[in-house]
Structure formats: C-alpha cells, structure tokens
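A quick write-up on the structure given underneath.
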Amino acid sequence: MSDNSNVTLTIDGQQVTVPKGTLVVEAARKIGIEIPVFCYHDKLEPVGMCRMCLVEVGTPVINRETGKPELDEQGQPVIRFFPKPMTACNTVVSDGMVVKVNSESALADRKAVLEFILTSHPLDCPVCDKGGECPLQDLTIRHGPGVSRFDYEDKQHFPKRYPLGDLIVLDMERCIICARCVRFQNEIAHDPVLAIEERGRNAHIVSYSNPGFDSHYSGNTTDICPVGALTTRDFRFGARAWELTNYPSVCNHCGVGCNTVLSTRLGKIKRIMPRQNEAVNEIWICDKGRFGHHFNGSPRRLTAPLVRQGDELVETTWDDALRRVAEKFAAIKQTAGPDALGGIAGARLSNEDLYLFQKFFREVIGTNNVDHRVGLNAALEDETAYTVGVGCDTDLGRVGRDTTILVLGADLDEEAPILYLRVAGAASKRGAHVINAGARRTKLDGQAQTVLRYRCGSAAHLAWGLVAEVLAHGLVNQDWAARLEGLADLQKAVQAYTPEKVAATTGVPAEAISAAAKAFAGAENGIILFGLEAGSDPSLRAAVEALALLTGHAGRPDNGVIAVLPHANSRGAADMGVLPHRLPGYRPVEGQAGLSAAEMLTPGSPVKGLLIAAADPAADSDTWRAALEQLDFLVVQELFLTETARMADVVLPARGVAERDGSFTNLERRVQAFDPGVPAPGQAWADWLIISALAGMMGADWPYASADGVMAEITRSVPLYQGMAFENLVAPITLERRTSHYIYEGMSFTADIREGVQWPTLAEGDASLPLRFVAPADPPAADDGDFILAAPRVLYDAGRLLAEAELVQPRLHRPEAVLSAGDAARLGVQTGDTVTVSRGDVSVSLPVRVDRKLETGIVLVARNLEGRPAEKLLGPAGLVAAVQVEKGGGMKAEG
C-alpha cells in the first residue's frame with residue numbers, strides 16, 4: 001500500500017516504493033534495473049529527446065462508478081497498457097503502475113532507436129577520445145543492431161573539428177542532438193550561449209556568443225556529452241581512457257575546494273576531471289580548475305635550490321641552501337632579537353605546511369611575526385567562521401523554499417564559480433529566496449528574487465541597517481536571545497541606523513531594506529555570503545555576525561555565514577594560526593602580538609630577515625618591493641622564479657599540489673585531503689618538509705616523516721581539528737552516495753570519493769556569544785572626484801599559476817578601465833581608447849572598455865592584473881576610493 005507521500009509500482013516484476021513525483025527511470029535505478037538513456041541527466045530537466053528510454057507502461061483500470069481499481073479473476077488489478085511506448089525519463093510514476101523495461105517490444109524499440117542514431121554517426125571509435133568511456137559505445141554493444149540497414153551513401157556529413165570556443169572542439173558528425181550541452185548552459189550555468197540550429201538530420205550545435213562558447217563552465221559539457229562530440233583542446237588525442245591512472249585531488253584555484261581527479265599518463269597530467277561530492281561541487285568544476293593545471297608541467301618550474309652570488313642566483317645543494325638560511329637566521333636572532341625575523345605564507349599552501357610554518361617562527365625563532373594576508377588575502381579576511389560559520393552538514397545543493405540566502409558584495413561567478421552554480425540553482429531550481437546586494441550588477445542578479453544596489457563602500461551601513469530592522473520589529477529569535485551577550489548595548493548602538501538614514505547613505509530604498517530584513521529573519525534557514533567587494537571591513541564582519549545570531553541563523557545545518565575567501569586554503573591559513581595575533585584554532589597569542597604582513601613590509605620595519613612561502617608581495621605593491629629591498633636576508637619557497645624570488649638571497653624549490661599529499665580547508669570549513677599524482681620536477685620538496693628540515697638545521701627535533709604525521713599532531717594540538725586524522729579524511733563514503741551517480745549521466749568520477757570533514761563553530765555549542773558593534777566608515781563621496789573606483793576580482797587574473805597555463809591565455813583579463821556607456825559618452829571615449837585614472841599623486845593609464853550594464857559614476861579596475869593598477873591606486877587592501885578619470889594618457893605614470 002502507498003501512503004500520501006509514496007507510491008508503489010511494479011517494474012519487470014519487482015515492486016518498488018518511491019516518493020511521489022519520481023520518474024520511472026529513477027524508480028528503476030533504485031532496484032538495479034538499467035533503463036538506457038542519452039538525453040536524460042538527473043541534474044537537468046527531462047526532455048525525452050533521444051527516445052532511448054522507451055518502455056511499456058500500464059496503469060490500473062479505474063471503475064468509474066466506485067473510483068477503485070477493477071480486479072481480475074485472481075483479485076489483481078486489471079492493467080491497461082498504453083498503445084504506444086513511453087519515455088521513462090519524463091514519465092512520472094503513479095500508484096499501481098506496471099512498467100516493462102525488457103519486454104520484447106521495448107527491446108525492439110531500443111534497437112531501432114540506436115540504429116537510427118547510428119545512421120550518420122562516424123565509425124571512428126579507435127581514434128575517438130570518448131572511446132573506452134562512451135555511453136553510445138556501451139549501449140550499442142548491449143542493445144544495438146549488429147548491421148545497419150541504411151544506405152552508406154546517404155550518410156550526413158558535418159565538420160569534424162569545429163571550434164565552439166577557445167577551449168572546446170565540436171565534432172558535428174558524432175553529435176546525437178541530445179541537447180545536454182545546451183540544457184546545461186541554460187539551466188545550470190545560466191549562460192545561454194549554445195543552441196541547436198536547423199532541424200532533422202541537418203540539426204547541429206552552434207555558439208552565438210562572442211567570443212565563442214563564452215562561459216566559465218564550458219568544460220562540463222564534455223563530461224556530460226554521451227558521445228565524443230565535445231572534446232577539450234588539451235585532452236583531444238592526448239591519451240586513451242584505459243591508459244590513464246587516476247588520483248583523487250582538490251582544486252587549488254579558489255576557496256570552494258572542488259573535488260577533482262588527476263588523470264595521468266607517464267608521469268604527466270593529461271586532464272583534470274570532476275570528482276563527485278554533492279556537498280561541495282556536485283559533479284561540476286569550472287574551466288579555471290579544469291584547464292589551469294598546466295603550470296605543473298611548465299618548463300619554468302624551479303628544480304633546485306638557488307643561492308645568491310653577487311647579482312645572480314646559482315644552483316646549489318639542499319644542504320648548502322638550508323645551512324645558509326639557518327646560519328643567517330640564527331645570526332639575525334642573536335644580534336637583533338627574534339622579532340627581527342618574520343614569515344609570510346601564501347594561502348595556497350596546505351594545512352600541514354601552514355601549521356609547521358607558524359610553529360617554526362613561534363617555537364624555533366621565538367616570534368609571532370607570521371601572516372598570510374598579502375595579495376588577494378590582504379583585501380578580504382574573516383574571523384566570523386569561528387563563531388557563526390555555516391553549520392556542519394550544510395549543503396547548498398539541497399536548500400530550497402525554506403531558505404533565504406543573503407549575498408553581500410560578492411560576484412560569485414568570478415570569485416567562486418561553483419559556489420555561484422549552487423546558489424543560483426538553489427534559487428532557480430528549488431525556490432530559495434536569494435537577496436543579491438552589491439554595488440554593481442552581477443550575474444547572480446538574474447536568479448535573485450531581490451536585488452539591493454548600494455553605493456560603493458557602503459556595504460557595512462546596509463548590513464547594520466538590516467540588523468537595526470530586525471531589532472526594531474521584534475524579529476530576534478527568542479531561542480537564541482538567552483545566549484547573546486551585549487544585546488541591550490547593540491540595540492542602543494544601532495538605533496540611529498533607521499531605514500531612512502541607511503537609505504540616504506547606501507542609496508537602497510528604505511522599504512527594500514525593511515523587506516529584506518523581514519525576509520531573512522522570517523526564513524526557516526538563512527545563509528549570509530560576503531565577498532571581496534564588501535571589503536575587509538571589521539564593521540561589516542561584526543554586522544553579519546550579529547545578523548546571523550539575532551535571527552537564529554547559526555549553529556545548525558544550512559544556516560550561518562560564509563566568507564568568499566580568495567584562495568584554496570585561505571580558511572586553513574587562519575585555522576592554522578598564520579596570523580600575528582592568533583594561534584592555531586583561533587586562540588589569542590600569549591603576550592605581545594606580532595607584526596602583520598603589511599607592517600613587516602613597510603619601509604623602516606624592524607624586520608631584517610623574512611621567509612616568504614607561496615606569496616609574491618613584490619609583484620603586489622611597489623611599497624612592499626621597496627621594503628624587501630631593505631632586508632638583510634630574504635628566503636623564498638616557490639614553484640617559480642617570481643618577482644619576489646628574483647630578489648631573494650636563497651630560493652627553495654617547492655612541490656605543487658599535484659606532486660604531494662596534504663589537505664585544504666574550504667570556505668565552508670570542510671577539510672579535504674588530496675593525493676600526489678605526478679612526480680615533482682628535479683629536487684623540489686614539499687613545503688612542510690622544507691620547513692621541518694630548516695627547523696632541524698636550527699636545533700629543533702621534529703619527528704615528522706610525512707604530511708599525515710603533521711596532521712596527526714594538528715589533531716592533538718588544535719581542538720577544532722581533533723577529528724581530522726587522515727584516516728577520517730580519506731574514508732570512503734556510503735554506498736548510497738557512491739551509487740547516486742550514473743555512468744550515463746556524465747564522466748564525473750565516483751571512485752575513492754572523500755567528502756571531507758567540517759569543524760564545528762562556537763554557535764554549534766552552548767557557549768554564550770557576544771554581540772559587537774563596530775561603527776562603519778563613511779563611503780567615499782563622489783564630489784571628492786569624478787568617479788568612485790571599485791576593484792573587483794575576475795576569474796582569469798594575472799596570478800602566476802594561470803600565467804603558466806598557455807591554454808587559458810586568451811581568457812586572461814588585461815588591465816582596463818571599465819566605464820558605463822553614459823560616462824564614456826561624457827568623457828568622449830569608447831572601447832579601446834585610453835583614459836588616465838588618478839588618485840592623489842598616483843596615476844595609471846588604461847585602455848577603456850564600455851559596459852552598458854554598469855552604473856554611472858563608477859570605474860572598475862580589477863584586482864590582481866598585470867602591473868597591479870588597482871593596487872597602485874588603492875593600496876593592497878583598499879576597496880574603493882574617489883578618483884579622477886581623464887581622456888588620454890600614455891604609459892602608466894606614478895607620482
């Protein structure tokens with residue numbers, strides 16, 4: 001019997017009970033009955049295009065008088081089968097339904113469909129990249145005819161190597177018009193850049209965008225393509241599937257932590273593939289993660305230690321290089337004290353590297369002068385994760401109508417693309433209420449139910465306005481009120497932040513502020529995401545923390561705050577205590593806090609010796625470069641000879657993420673392990689091993705023999721990480737999750753999946769939680785200059801790793817000033833012309849790009865581009881400023 005939420009049906013003689021609304025193809029899969037498909041994909045809306053899933057379907061005959069099923073002589077329901085076969089991929093189950101999957105009629109239909117598909121499909125399996133992992137190949141062997149009845153001379157011919165874009169090649173003859181690629185771009189990526197042109201046998205896939213296939217997610221279409229029609233430029237004819245050895249890894253290009261597979265052959269990465277993790281990236285990865293791996297095999301990789309001899313860096317042995325560093329650091333410590341030394345570590349290092357990095361300086365050197373906040377990390381930091389980060393088991397892939405997601409100052413499509421897919425999907429597919437608040441239009445506006453457009457630099461004012469509305473209208477979650485300290489003081493402090501006052505500051509209408517506050521507070525679940533364009537602002541962080549606590553949107557799954565941090569291990573760098581004022585696990589330092597990276601890199605700093613690992617401050621700031629020139633001794637651990645490495649006295653070659661094991665912590669605090677897949681170039685060492693060897697040279701007796709040995713100590717010494725032993729991080733997932741992926745839905749890997757482990761926030765315990773008020777700074781006034789300069793992040797920036805990936809060079813953003821159409825007309829410029837952007841005595845000349853969607857009064861200059869024009873105007877940590885923009889200009893000029 002079925003209940004109100006389930007139905008029972010029979011498939012090939014087996015009864016199965018499934019939830020109402022289930023498709024026949026999914027009901028069959030639950031009991032291990034395969035219904036072959038081409039167009040169907042459980043992440044896409046069913047369309048029934050390919051007809052491969054034809055089955056016989058019957059339903060009980062209902063007596064019109066009684067409204068009950070009619071029964072036969074044996075007392076069984078009489079089943080009336082539909083006269084024509086039905087597509088299992090878009091037929092919804094009903095109670096008492098009978099489905100015949102492998103009947104004589106269904107098998108004949110299946111064979112006929114395959115014969116029709118193969119009429120013009122080329123017989124090039126021996127050279128097709130999909131060979132060995134091709135659904136069409138497999139299903140033809142299982143269900144297809146051995147001989148075709150169609151005339152060979154009637155075969156339809158199409159171009160074999162049609163470039164859809166700079167990364168994807170289309171073989172039109174192989175395409176079976178399943179439309180998976182078109183539907184993915186429309187439904188998941190929200191980039192409708194592909195279409196089917198013509199009809200019948202002339203139908204083919206085209207791209208209407210300029211440049212072609214203009215999307216951050218194009219590579220996913222090659223995964224879900226059920227034939228070899230779509231291939232990537234870097235893997236095309238590169239290897240056969242059965243020649244590859246696959247290793248589980250984690251993407252190192254942003255903070256999402258997408259699970260990946262390194263497919264290798266003869267010690268080289270041939271392709272990067274997605275690895276299914278429904279809690280992180282589902283089965284998708286962005287093109288930066290897919291194609292940005294080529295830095296690993298760059299001929300410019302460092303392969304041996306280098307030491308300075310005069311004006312040159314020359315190769316030496318590890319023993320000599322480490323000895324020089326140990327002796328010089330010891331001499332500086334003896335003559336100037338331990339605080340004359342410091343360390344800066346980039347957030348692309350693993351947790352194990354970062355833990356030993358800070359331990360080296362604190363225990364061996366005796367200083368708290370450690371930091372990771374340089375480059376993009378200087379523009380956005382976060383400590384809210386420790387208190388109100390999203391609860392353990394949060395899954396953005398399942399949130400829906402009961403959830404409101406507030407996005408503040410984050411262009412997710414550029415900063416964290418797969419996070420964008422999940423938030424956009426929550427809104428468009430499952431009905432979540434997304435409030436997208438930003439200073440300019442972003443792609444998420446298209447899926448958000450509410451858009452709040454605030455003035456540049458006023459994000460904190462808007463956040464406090466939302467807090468004030470929650471308090472003013474009695475929307476505080478009373479279950480949480482008893483745990484909150486300072487509620488009365490906060491209520492008094494925000495009284496002035498009325499909707500009208502906040503509207504005057506931010507430009508957001510007062511009624512929109514009030515409505516947004518009520519929508520967020522009234523939701524069963526609430527998540528706040530804030531990003532780089534909201535600024536590294538203590539006031540903003542205090543406001544979003546208060547908003548989460550007051551509304552009760554913390555301390556449980558699908559509730560809390562996510563900072564959209566820039567790097568693969570930005571979260572882990574803070575967790576591991578690579579901060580001058582925090583020990584691992586966010587414990588305050590004992591005694592005097594150390595110097596921040598900005599303080600260490602200030603000309604005249606007391607620091608005389610620096611160890612810099614995986615960071616390039618010389619490229620980020622001329623001021624920082626000047627400070628590095630004044631050092632007595634500089635040591636750099638790196639993959640490449642960066643601008644900072646060129647200035648070093650000793651350069652130590654490090655291994656990349658594909659060449660060693662370790663773990664990253666993603667922006668949702670999920671700790672995930674990765675394995676080595678290819679050998680390291682030359683004599684490169686893992687960063688944790690370099691630091692451990694250097695500590696040994698300076699007298700420390702450290703016992704580490706492997707990365708998991710370092711993690712074992714972390715689990716003992718850092719309470720947040722007590723459950724992060726490697727055996728937990730690499731534990732296989734449950735059978736149910738493992739089989740939730742279906743081979744005919746794409747090539748996301750399911751073998752050896754690790755889902756990672758999250759550490760709990762304070763809100764998930766029972767401790768009291770303080771509310772803080774930090775007054776926000778006034779936003780820059782337009783009358784201080786012609787324009788407000790904002791510096792967003794773009795996906796394809798001038799980071800050194802991307803610079804070494806030749807395939808993505810056409811996508812790299814060049815320095816430019818983006819103006820609205822109205823402002824461009826006022827200045828008398830158009831795309832391609834030059835303007836000079838000035839602030840004080842600093843001026844930068846840049847080519848213009850006119851963006852008709854940009855608001856007037858704003859000039860955009862993206863961060864982390866070649867020459868760092870935005871950082872020159874704003875400083876490494878600056879967000880917005882009033883600037884002058886004038887027509888004309890030559891080369892960059894700086895006063």
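To be explicit about the labels: the chains of the structure tokens are called A, B, and onward in the order shown, and within each one the residues are counted from 1, while ligands get numbers from 1 in the order they are shown.
Residues surrounding Arg670 in chain A within 6 Å are Thr665, Asn666, Gly756, Val757 and Gln758 of chain A [only C-alpha atoms; sequence separation below 4 positions excluded].
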Selection: 12 Å around Val93 in chain A, only C-alpha atoms, excl. self and same-chain fewer than 5 positions, as a PyMOL selection string: chain A and resi 6-11+16-28+57-59+86-88+98-99
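The list of residues with at least one atom within 10 Å of Val636 in chain A, based on only C-alpha atoms and without residues fewer than 2 positions apart in the same chain, reads Leu306, Gly343, Ile344, Ala345, Leu610, Leu611, Ile612, Ala613, Ala614, Ala615, Asp616, Leu634, Glu638, Leu639, Leu641, Thr642, Thr644, Ala645, Arg646, Met647, Ala648, Asp649, Val650, Val651, Leu652, Pro653 and Ala654 of chain A.
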Spatial neighbours of Ile176 in chain A, 8 Å, only C-alpha atoms, chain gap at least 4 places, as a ChimeraX atom specification: /A:117,121,227
Contact residues around Glu511 in chain A with only C-alpha atoms at 10 Å, ignoring same-chain residues under 5 positions, as a tab-separated table (two decimals) with C-alpha atoms, in the first residue's frame:
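selection_39.tsv was written with the following content:
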chain	number	residue	atom	x	y	z
A	499	PRO	CA	15.91	52.51	7.05
A	500	GLU	CA	15.66	56.15	6.05
A	503	ALA	CA	18.86	54.60	2.52
A	516	ALA	CA	15.00	42.24	3.06
A	517	ALA	CA	15.42	42.18	6.85
For Thr140 in chain A, find every residue with an atom within 9 Å (counting only C-alpha atoms), except residues of its own chain fewer than 6 positions away, and show them as a PyMOL selection string. chain A and resi 111+114-115+146
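For the set A:His204, A:Arg240, A:Lys270, A:Arg716, the residue with the smallest atom-to-atom gap to Val127 in chain A is A:Arg240, counting only C-alpha atoms.
Each of A:Phe520, A:Tyr208, A:Trp284, A:Phe640 was checked against Asn220 in chain A using only C-alpha atoms; the smallest atom-to-atom distance is that of A:Trp284.
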Residues at most 9 Å from Asp413 in chain A, counting only C-alpha atoms, excluding those fewer than 6 positions away in the same chain, as number ranges by chain? A: 216, 419-421, 442-444, 794-795
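Of the residues listed (A:Ala496, A:Val657, A:Ala424, A:Ile272), A:Ala424 shows the shortest atom-to-atom separation from Ala189 in chain A; distances use only C-alpha atoms.
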I need the residues of range 169-345 of chain A that end up classed as strand (DSSP E) by DSSP on the backbone, written out as a PyMOL selection string. chain A and resi 169-170+194-197+204-207+230-232+245-250+259-265+268-274+306-309+312-315+341-345
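In this model, the gap between CA of Pro159 in chain A and CA of Gly228 in chain A comes to 13.7 Å.
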